[in-house]
Amino acid sequence: MQALLEYAIVGGVLYGIFFGLVAVGLNLIFGVMRIINLAHGEFVILGGFGAYWVSHSLGLNPLWGLPLAALGAVVIGFPLYYAVVPGLQRSRDPEMLSFILFFGLAQIIDAIISLGFGPDQRSLPDEALGGGTISVLGQAFPDSWWVAAGVSVLAILGLWLYLTRTRLGFATRAIMANRDEAYATGISVDKVSAIAFIIGLALAGAAGVFVPYLQGSVGPGIGNSLTTTSFAILIIGSLGNPVGTLFGGLVFGVGSMLMQTFYASWSDLVPYVLLVVIVLVRPQGLFGKAVRHA
Amino acid sequence: MSSEPILTLTNVAKSFGGLQVLSDVNFELKPGEILGLVGPNGSGKTSVINLISGVHQPEAGSIRFDGAEIQRLTPHARVKLGINRSFQVPKCFISMSVRENIEVAAHFSGHNADIPAILDDIGLTGMEATPAASLTANQQKMLDLGRALATGPKLLLVDEIGAGLNPAELTGIADLLKRIAARGISMIVVEHLMEFLNKLTSRVIVLSAGKIIFEGSLEDASHDPEVVTAFFGGAA
Amino acid sequence: MSALLEVDKVEAGYGAVQVLWGCDMVVNKGETVLLLGVNGAGKTTLLRTLVGLQPCRGGTIRLAGEDVTGLGPDARIRRGMAYMSELGVFPTLSIAENLRLGAYGSSNAEARTRAEAMYEMFPALAPKRRHAAGSLSGGQRKMLGLAKALMSGAEMIFMDEPSSGLAPVFVSQVIETLKGVIGGGTSLLIAEQNIAFLELADRGYLMDHGKMAVSGTRAELESSDAVRRAYFGVGAEG
Amino acid sequence: MKLKQFRLAVAMAAAALTAAGAASAASAPSVIKIGTLYAGSGNFAVASQAQYKGLQFWAKRVNAEGGVYVKAFNKKIPVKIVAYDDQSSTSTATTLYNQLITQDKVDLVVSDFGSVLTSVAIPLAKEHKMLLIDPTGSSAGFFKEKTDYLADVSIPSSAVWPMPLAKFLEQEHIKKIGIIYGSNDFDGSQADTLKAEFKKIGVTPVFDHAVPTGERNYTVLLHSAAAAHPQALIELGYLPNDVAFLKSLKSSGLHFPFVFTIFPGQFKQLMEKNVGADALKYTYSYPAPPMIKYEKVNLGMNTDQFVTAWGKTHKGAEPNFVNAGGYNAGILMAKAMGTSPKFTQLGMHQALLDMSGKITTVVGAYKLSPTGAQLGQRLPIAQFQPQKDGSLKTVVVYPDSHKTGNAIYPSPAG
Amino acid sequence: MRESWFKRARAGLITAAVLALVFSLAPNVYNNSSLLFMMMTYIVLSQGLNLLYGFTGYLPFGYVGFFGTGAYATALLVMKLHLPIGLAIAAGPIASMIVALVLGPLLRLSGAYFSIANLAASQILFIVIGNPNLQDITGGPYGVKIDEVYNPTASYAAMVVLVVVVTLIATFFRRSRFGQGLKAMADDPVSAEMSAIPVVRMRLLAWLTSAAVAGLAGALYAWNLSVFYPDAVFTLEISVFAIVFALFGGVGTVLGPIIGAGLLYALYNAIGISEPQYFQLIYGVLIVGLVMFLPEGILSLLTRRGINVF
């Protein structure tokens, strides 16, 4: 029993760190633009298909999917941002309208993936990320899990450094804090938001590279569940705080794995129950510091 | 008119996020009386109004209105008892017309309001169908007051109604408030503009940093050293 | 003296409500101008329109001779405007980060130099540079807001109600601080309802109901009946 | 007046419908319309499109020969497939089935893949007195009472799928069994049947967990299962579950003496591509045609012919089981049209019943119950045994009638 | 002073009568009654959602939770207790109102938080109802089958009645003091309290009404479908469609959701039937285009011109 518990916790930590990466891009976009990217899961899937293409058609290591995700985020994100976001923000209820707009976008991405790749699941070779296992505390997990968790930590750390150490990062947080004041300070709000949007998509795509490893395969149609799980994680963590999202991912990962070990059929409940409980008890998230409004 | 106070605040206190905004507030208001509530920015004037109208609930102390404790009642229940207020920044129902704004308040309070008379009071006669959103800021202020009157208040809390008005308008509104008071409606008037207040009442309470530092006539207040310091600081 | 800011028949409003009605105004280089007016007179809207936060529905705004009416706030601020709003700071960001953003368009090195100057000017901020701005007291926040506006090195600084929300003792502190700023070649336009600020000003305008009611030098305004009337509501009846 | 004319038109249309329903040789249609749905996206897209391709394959061949022979008209009539995309959504499927029946007035309705997308068609078919040709909707719940309007033609009811598996485990004296199954009708009913069969011989699974249908993370579950030391681990899931399960199993470094999953036997190529031959070696599955061969068929092509013909029209691709299922639905419909003296829904249903027990096709023996359940075509058990060249050979290990080799049990580690 | 109730309700009565007539006669012209039934279902759901979102500003992403609850309550009562279908249907809205009461605290949340928490709640309902451990109670993953009461004609007729009822409820919201109070709350809750409007209670009432409408729609849907799995009545798609349709038409009005659902659902099917390969793509492009070019809904084409839409 003890071994099972330990295994579930270590597994949950790795899985949760990875899900921190899955959710962090959504957090950034929601925090900065106050729009709900319902197509988030689809961007994760696009990252997975990118890695598949890199590995399958170019014969490269799937990790080359990471720079591809960044490139793709620029190519897709830049025009997409300017096409839809400023217009949304001028509308009566941007949060709610974005929900529908990005639902439509999710449909388009799903359809394009289906038309381009067909409906099949795609997997990536284990050997590309090592193929063996690494043990910690006597608990062996596949190399790919460690690589995914490692890249996730680095990506989230990178985002944190961006937000807390660079001028653009300050500006990004300033927009999250108060958009109007950001304008008044002379920040090019649209440019900074567009960069945040692109970073958000790139992080989603980067997470997608590892989906075939942690989920067995990637295929169109898993976007919805990735999006809703990401929402749960970002709310369990805190809005606008990448470290909080990592923490939210850990809570989700460990919670799910413990549930899976002992009451497997209920494990799906974990993110949603956590979400509902947290928004009711502590709406600012587990990691949010209450800011005093004088 | 009985001499029993219509409103009594006893040891009322309130804080937000660790910041004490009001402490130990005690005062009474007689039926038909107008009380001025003055104090520098941030001294807690609006908080007093919020506590009496039920927008916030006090942490300590009691608020009695018309002989009953009301500090745990919801705002709408207090409205039905006869407490209403205007807002410093008018909060009209912007998706509705002028008339609807007043009607809705009259309906829900169950008060059989004389809507034409109210429209006349607030100077919006002939604008019944105008959408509240297209009123000027001052007209919105008047509409906010009209909404309060439509519920048939016995106690009216008026929050900085004079701000942004020119002298002629100030005179007009002072006359209106006096007319309202003459109908037996008690009033607490929060105001910056002393001259304006002077037209309405002689009895004022001065708040500073959440405490009552003076209670008496406006004339005396202007000579009270503590009040002068609180108000004019070193700047004047 | 040459005109730095020229405001010509500016109109603005929100939705169906027009707030500004043909406002004219000039601020010269190095001059401190006070924009007086009671709550709701339209001061904030005018400032927001000048800096580009509020669309200008009519008239022109020129900065150093250049028409900036159609530019966004970031472009105007790059051209040498700065705006200190009533809120003034980003509460979730640290003091150092707030200052860095104040000098948004400048290099890191330049921003560092200026920040050090600010910590000298506002010594109370220096030990708290890593603290969140939200943890500051109201007066300190105003200091930070001012420092943030000064960080830009702008020639033309707009200040919206530097005294709002402050206890009187802090108001005088703000005035003292501003005295230190004036004379450095920076033009200031201070929107205030507190007449105490008149002591800082070279000239002033009085706004009433979205219009420029009176303008003149400090002395003219101090003795103006119109100011007394409109502002204090006294003298209207004689 | 207009309303009157309208009523008249409706009445005439109704009369025409009735007449068509009771059609005699009077008027032969110019085409036979076969209506079906497929999922262009969503959970069922992979399998659904495979089934649709199989049906299209059949139609193409039949039309190449001048159409399907319809006995009632005593001539060959070309077939036309009318197909819509239900996007794996049951509510969209409902309206589209109804569209096929009421607007396109198709002659036969073939349901989309699987029980979920078939379920909504069942009451509609009954209501409109249309025979529902159901290739793969195998939920036991569908076949509880007698009906003239449902025929499961290609795969056995999911409740009977695991019978051979249970028997095989019994035969091999494997008593410590672990089961992981998805929370859905297809997997749940198989798990229930397995457990009921085990109970008969006094076996209780040592590990028994339902997981959410969307479960894609089996690493921790596998570890928990290993802690129970089962001699056999059976994972019952949908295709993505099996992929995730087998991949997790391989990368976890865990080893079980016997591992069973459902889909490698039906989508061997796809599974090999996804999880690699290495992850499949020594595992067991239900081998479906073309993996097991039915040489002696008396309707349509036998397995080898089917594989060859499919390859010719699909650039050398190898068909999978669901392709075969789609094709099989086609040839059975053709046979029904070719034998029923009347071209009516009831007539064709009767023809399908009459064929029961007498026919073997590419997917095996065909046996239809009066409730519409498919009782033939039991799926054997096979093991994927690695060959010297690294490829996997599908060795049927049970039942004896199909046996092509012996099971290697326990499977060698590493 | 105030118009008589009849005058105020007139537009609603006319709308309801037109809808009743159209959907009663439509099967004679176009006899894909499933499509017509689904269209009515979406009209009801969009309108039910409008009662909440259009009048209080709360957008329930998890609206399908009430729909599924109603469907399951009805189906299970028929299956397990063999209740007559009429009674079982009445239990649908009751069950969804009970769920709404339990979820009442969510109304304390604002904006996206409310919506996402509501979405999570609907997922919880789905996972619980579809769980194999509750198979004996809910049927679990095997779903439900009540084809013994299957009656497409009667369920169709019942849905026509529900369309009428919902139109009248929406008319009440649009034209009554109650609805005016809701609007006032949405404009400014503090000022609404100061107009003696019991904000919390009225918001809960709108929430319960909206839930009951979805529950009843679910109950009738269950009756009409008679064989279904948990995901058929808990799929997010239902929430999303209801939201998209309501917003497309224009919320806060009576006609908006009716027009939105009617038009867009018809268009959805037209694409699905004429261009099956590009179904999803075209539909996605259509939705994106609508939000970008008609963010206030199709009725804004009229309101922008100053025409007051009922």
# chains A, B, ... in the order shown; residues from 1 in each chain; ligands from 1
>>> interface_residues(of="chain D", to="chain A", cutoff="8 Å", atoms="only C-alpha atoms", output="JSON, numbers by chain")
{"D": [40, 41, 42, 43, 45, 46, 183, 209, 210, 211, 212, 216, 217, 219, 220, 221, 223, 224, 227, 240, 241, 243, 244, 245, 247, 248, 251, 252, 253, 273, 274, 275, 276]}
>>> write_last_selection(atoms="N, CA, C and O atoms", output="short mmCIF file (atom, residue, chain, number, x, y, z; two decimals), in the first residue's frame")
data_model
loop_
_atom_site.label_atom_id
_atom_site.label_comp_id
_atom_site.auth_asym_id
_atom_site.auth_seq_id
_atom_site.Cartn_x
_atom_site.Cartn_y
_atom_site.Cartn_z
N GLY D 40 -17.15 12.42 -39.21
CA GLY D 40 -15.98 13.10 -39.77
C GLY D 40 -15.03 13.56 -38.69
O GLY D 40 -13.86 13.86 -38.95
N SER D 41 -15.53 13.64 -37.46
CA SER D 41 -14.68 14.08 -36.36
C SER D 41 -15.24 13.48 -35.09
O SER D 41 -16.29 12.86 -35.10
N GLY D 42 -14.52 13.67 -34.01
CA GLY D 42 -15.01 13.21 -32.71
C GLY D 42 -14.51 11.81 -32.36
O GLY D 42 -13.68 11.22 -33.04
N ASN D 43 -15.08 11.30 -31.28
CA ASN D 43 -14.59 10.06 -30.67
C ASN D 43 -14.61 8.85 -31.59
O ASN D 43 -13.82 7.94 -31.46
N ALA D 45 -14.55 8.80 -34.97
CA ALA D 45 -14.18 9.08 -36.35
C ALA D 45 -13.38 7.95 -37.00
O ALA D 45 -13.67 7.55 -38.12
N VAL D 46 -12.39 7.43 -36.29
CA VAL D 46 -11.50 6.43 -36.90
C VAL D 46 -12.30 5.22 -37.35
O VAL D 46 -12.28 4.83 -38.53
N SER D 183 -15.39 2.98 -18.75
CA SER D 183 -16.76 3.18 -18.29
C SER D 183 -17.67 3.47 -19.47
O SER D 183 -18.15 4.59 -19.62
N HIS D 209 -10.78 -2.67 -12.01
CA HIS D 209 -11.03 -1.23 -11.96
C HIS D 209 -11.67 -0.73 -13.24
O HIS D 209 -11.18 -1.00 -14.33
N ALA D 210 -12.76 -0.01 -13.08
CA ALA D 210 -13.29 0.74 -14.21
C ALA D 210 -12.52 2.05 -14.27
O ALA D 210 -12.18 2.62 -13.24
N VAL D 211 -12.24 2.52 -15.46
CA VAL D 211 -11.59 3.83 -15.60
C VAL D 211 -12.47 4.68 -16.50
O VAL D 211 -13.27 4.15 -17.27
N PRO D 212 -12.32 6.01 -16.41
CA PRO D 212 -13.11 6.85 -17.31
C PRO D 212 -12.81 6.51 -18.77
O PRO D 212 -11.70 6.14 -19.10
N ARG D 216 -6.30 8.26 -20.42
CA ARG D 216 -5.16 8.10 -21.33
C ARG D 216 -3.87 7.89 -20.56
O ARG D 216 -2.80 7.88 -21.14
N ASN D 217 -3.98 7.78 -19.26
CA ASN D 217 -2.78 7.69 -18.46
C ASN D 217 -2.85 6.42 -17.62
O ASN D 217 -3.54 6.35 -16.62
N THR D 219 -0.04 4.66 -16.50
CA THR D 219 1.21 4.31 -15.84
C THR D 219 0.99 3.92 -14.37
O THR D 219 1.45 2.87 -13.92
N VAL D 220 0.25 4.79 -13.68
CA VAL D 220 0.03 4.52 -12.27
C VAL D 220 -0.90 3.31 -12.07
O VAL D 220 -0.69 2.47 -11.20
N LEU D 221 -1.90 3.22 -12.94
CA LEU D 221 -2.83 2.08 -12.87
C LEU D 221 -2.09 0.75 -13.06
O LEU D 221 -2.35 -0.23 -12.36
N HIS D 223 0.91 0.11 -12.45
CA HIS D 223 1.70 -0.15 -11.26
C HIS D 223 0.84 -0.76 -10.16
O HIS D 223 1.23 -1.72 -9.51
N SER D 224 -0.36 -0.19 -10.00
CA SER D 224 -1.27 -0.76 -9.00
C SER D 224 -1.66 -2.18 -9.39
O SER D 224 -1.75 -3.07 -8.53
N ALA D 227 0.95 -4.64 -8.55
CA ALA D 227 1.05 -4.95 -7.12
C ALA D 227 0.14 -6.11 -6.74
O ALA D 227 0.35 -6.76 -5.72
N PRO D 240 -8.07 4.43 -28.56
CA PRO D 240 -7.07 5.28 -27.92
C PRO D 240 -6.65 4.77 -26.54
O PRO D 240 -5.51 4.96 -26.12
N ASN D 241 -7.59 4.11 -25.82
CA ASN D 241 -7.25 3.54 -24.53
C ASN D 241 -6.20 2.45 -24.71
O ASN D 241 -5.22 2.38 -23.96
N VAL D 243 -4.10 2.05 -27.14
CA VAL D 243 -2.82 2.64 -27.53
C VAL D 243 -2.10 3.15 -26.27
O VAL D 243 -0.93 2.82 -26.04
N ALA D 244 -2.81 3.93 -25.47
CA ALA D 244 -2.19 4.50 -24.27
C ALA D 244 -1.76 3.40 -23.31
O ALA D 244 -0.67 3.45 -22.74
N PHE D 245 -2.62 2.41 -23.17
CA PHE D 245 -2.31 1.32 -22.24
C PHE D 245 -1.04 0.58 -22.67
O PHE D 245 -0.13 0.36 -21.87
N LYS D 247 1.30 1.52 -24.71
CA LYS D 247 2.50 2.37 -24.66
C LYS D 247 2.98 2.52 -23.22
O LYS D 247 4.18 2.45 -22.95
N SER D 248 2.04 2.76 -22.31
CA SER D 248 2.43 2.89 -20.90
C SER D 248 3.08 1.61 -20.42
O SER D 248 4.08 1.64 -19.70
N SER D 251 6.63 1.39 -21.77
CA SER D 251 7.61 2.33 -21.20
C SER D 251 7.73 2.21 -19.69
O SER D 251 8.68 2.71 -19.11
N SER D 252 6.79 1.53 -19.05
CA SER D 252 6.86 1.42 -17.59
C SER D 252 7.93 0.43 -17.15
O SER D 252 8.36 0.46 -16.00
N GLY D 253 8.32 -0.49 -18.03
CA GLY D 253 9.27 -1.52 -17.63
C GLY D 253 8.61 -2.64 -16.84
O GLY D 253 9.29 -3.55 -16.36
N LYS D 273 1.75 0.88 -35.83
CA LYS D 273 2.28 2.21 -36.12
C LYS D 273 2.34 3.05 -34.85
O LYS D 273 3.28 3.79 -34.61
N ASN D 274 1.32 2.91 -34.02
CA ASN D 274 1.24 3.75 -32.84
C ASN D 274 2.08 3.27 -31.66
O ASN D 274 2.73 4.06 -31.00
N VAL D 275 2.01 1.99 -31.38
CA VAL D 275 2.69 1.53 -30.17
C VAL D 275 3.96 0.76 -30.50
O VAL D 275 4.77 0.49 -29.61
N GLY D 276 4.15 0.40 -31.75
CA GLY D 276 5.34 -0.34 -32.14
C GLY D 276 5.16 -1.84 -31.94
O GLY D 276 4.44 -2.28 -31.04
#
>>> interface_residues(of="chain B", to="chain E", cutoff="8 Å", atoms="only C-alpha atoms", output="PyMOL selection string")
chain B and resi 53+55+75-80+84-85+91-95+104-109+147-148+151
>>> interface_residues(of="chain E", to="chain D", cutoff="9 Å", atoms="only C-alpha atoms", output="ChimeraX atom specification")
/E:28-38,127,130-133,140-143,145,147,150-152,225-229,231-233,235,237,269,272-280
>>> interface_residues(of="chain A", to="chain C", cutoff="10 Å", atoms="only C-alpha atoms", output="MDAnalysis selection string")
chainID A and resid 164:171 173:190 289:294
>>> closest_residue(among="A:Tyr162, A:Phe43, A:Phe210, A:Phe231", to="Phe102 (chain A)", atoms="only C-alpha atoms")
A:Phe43
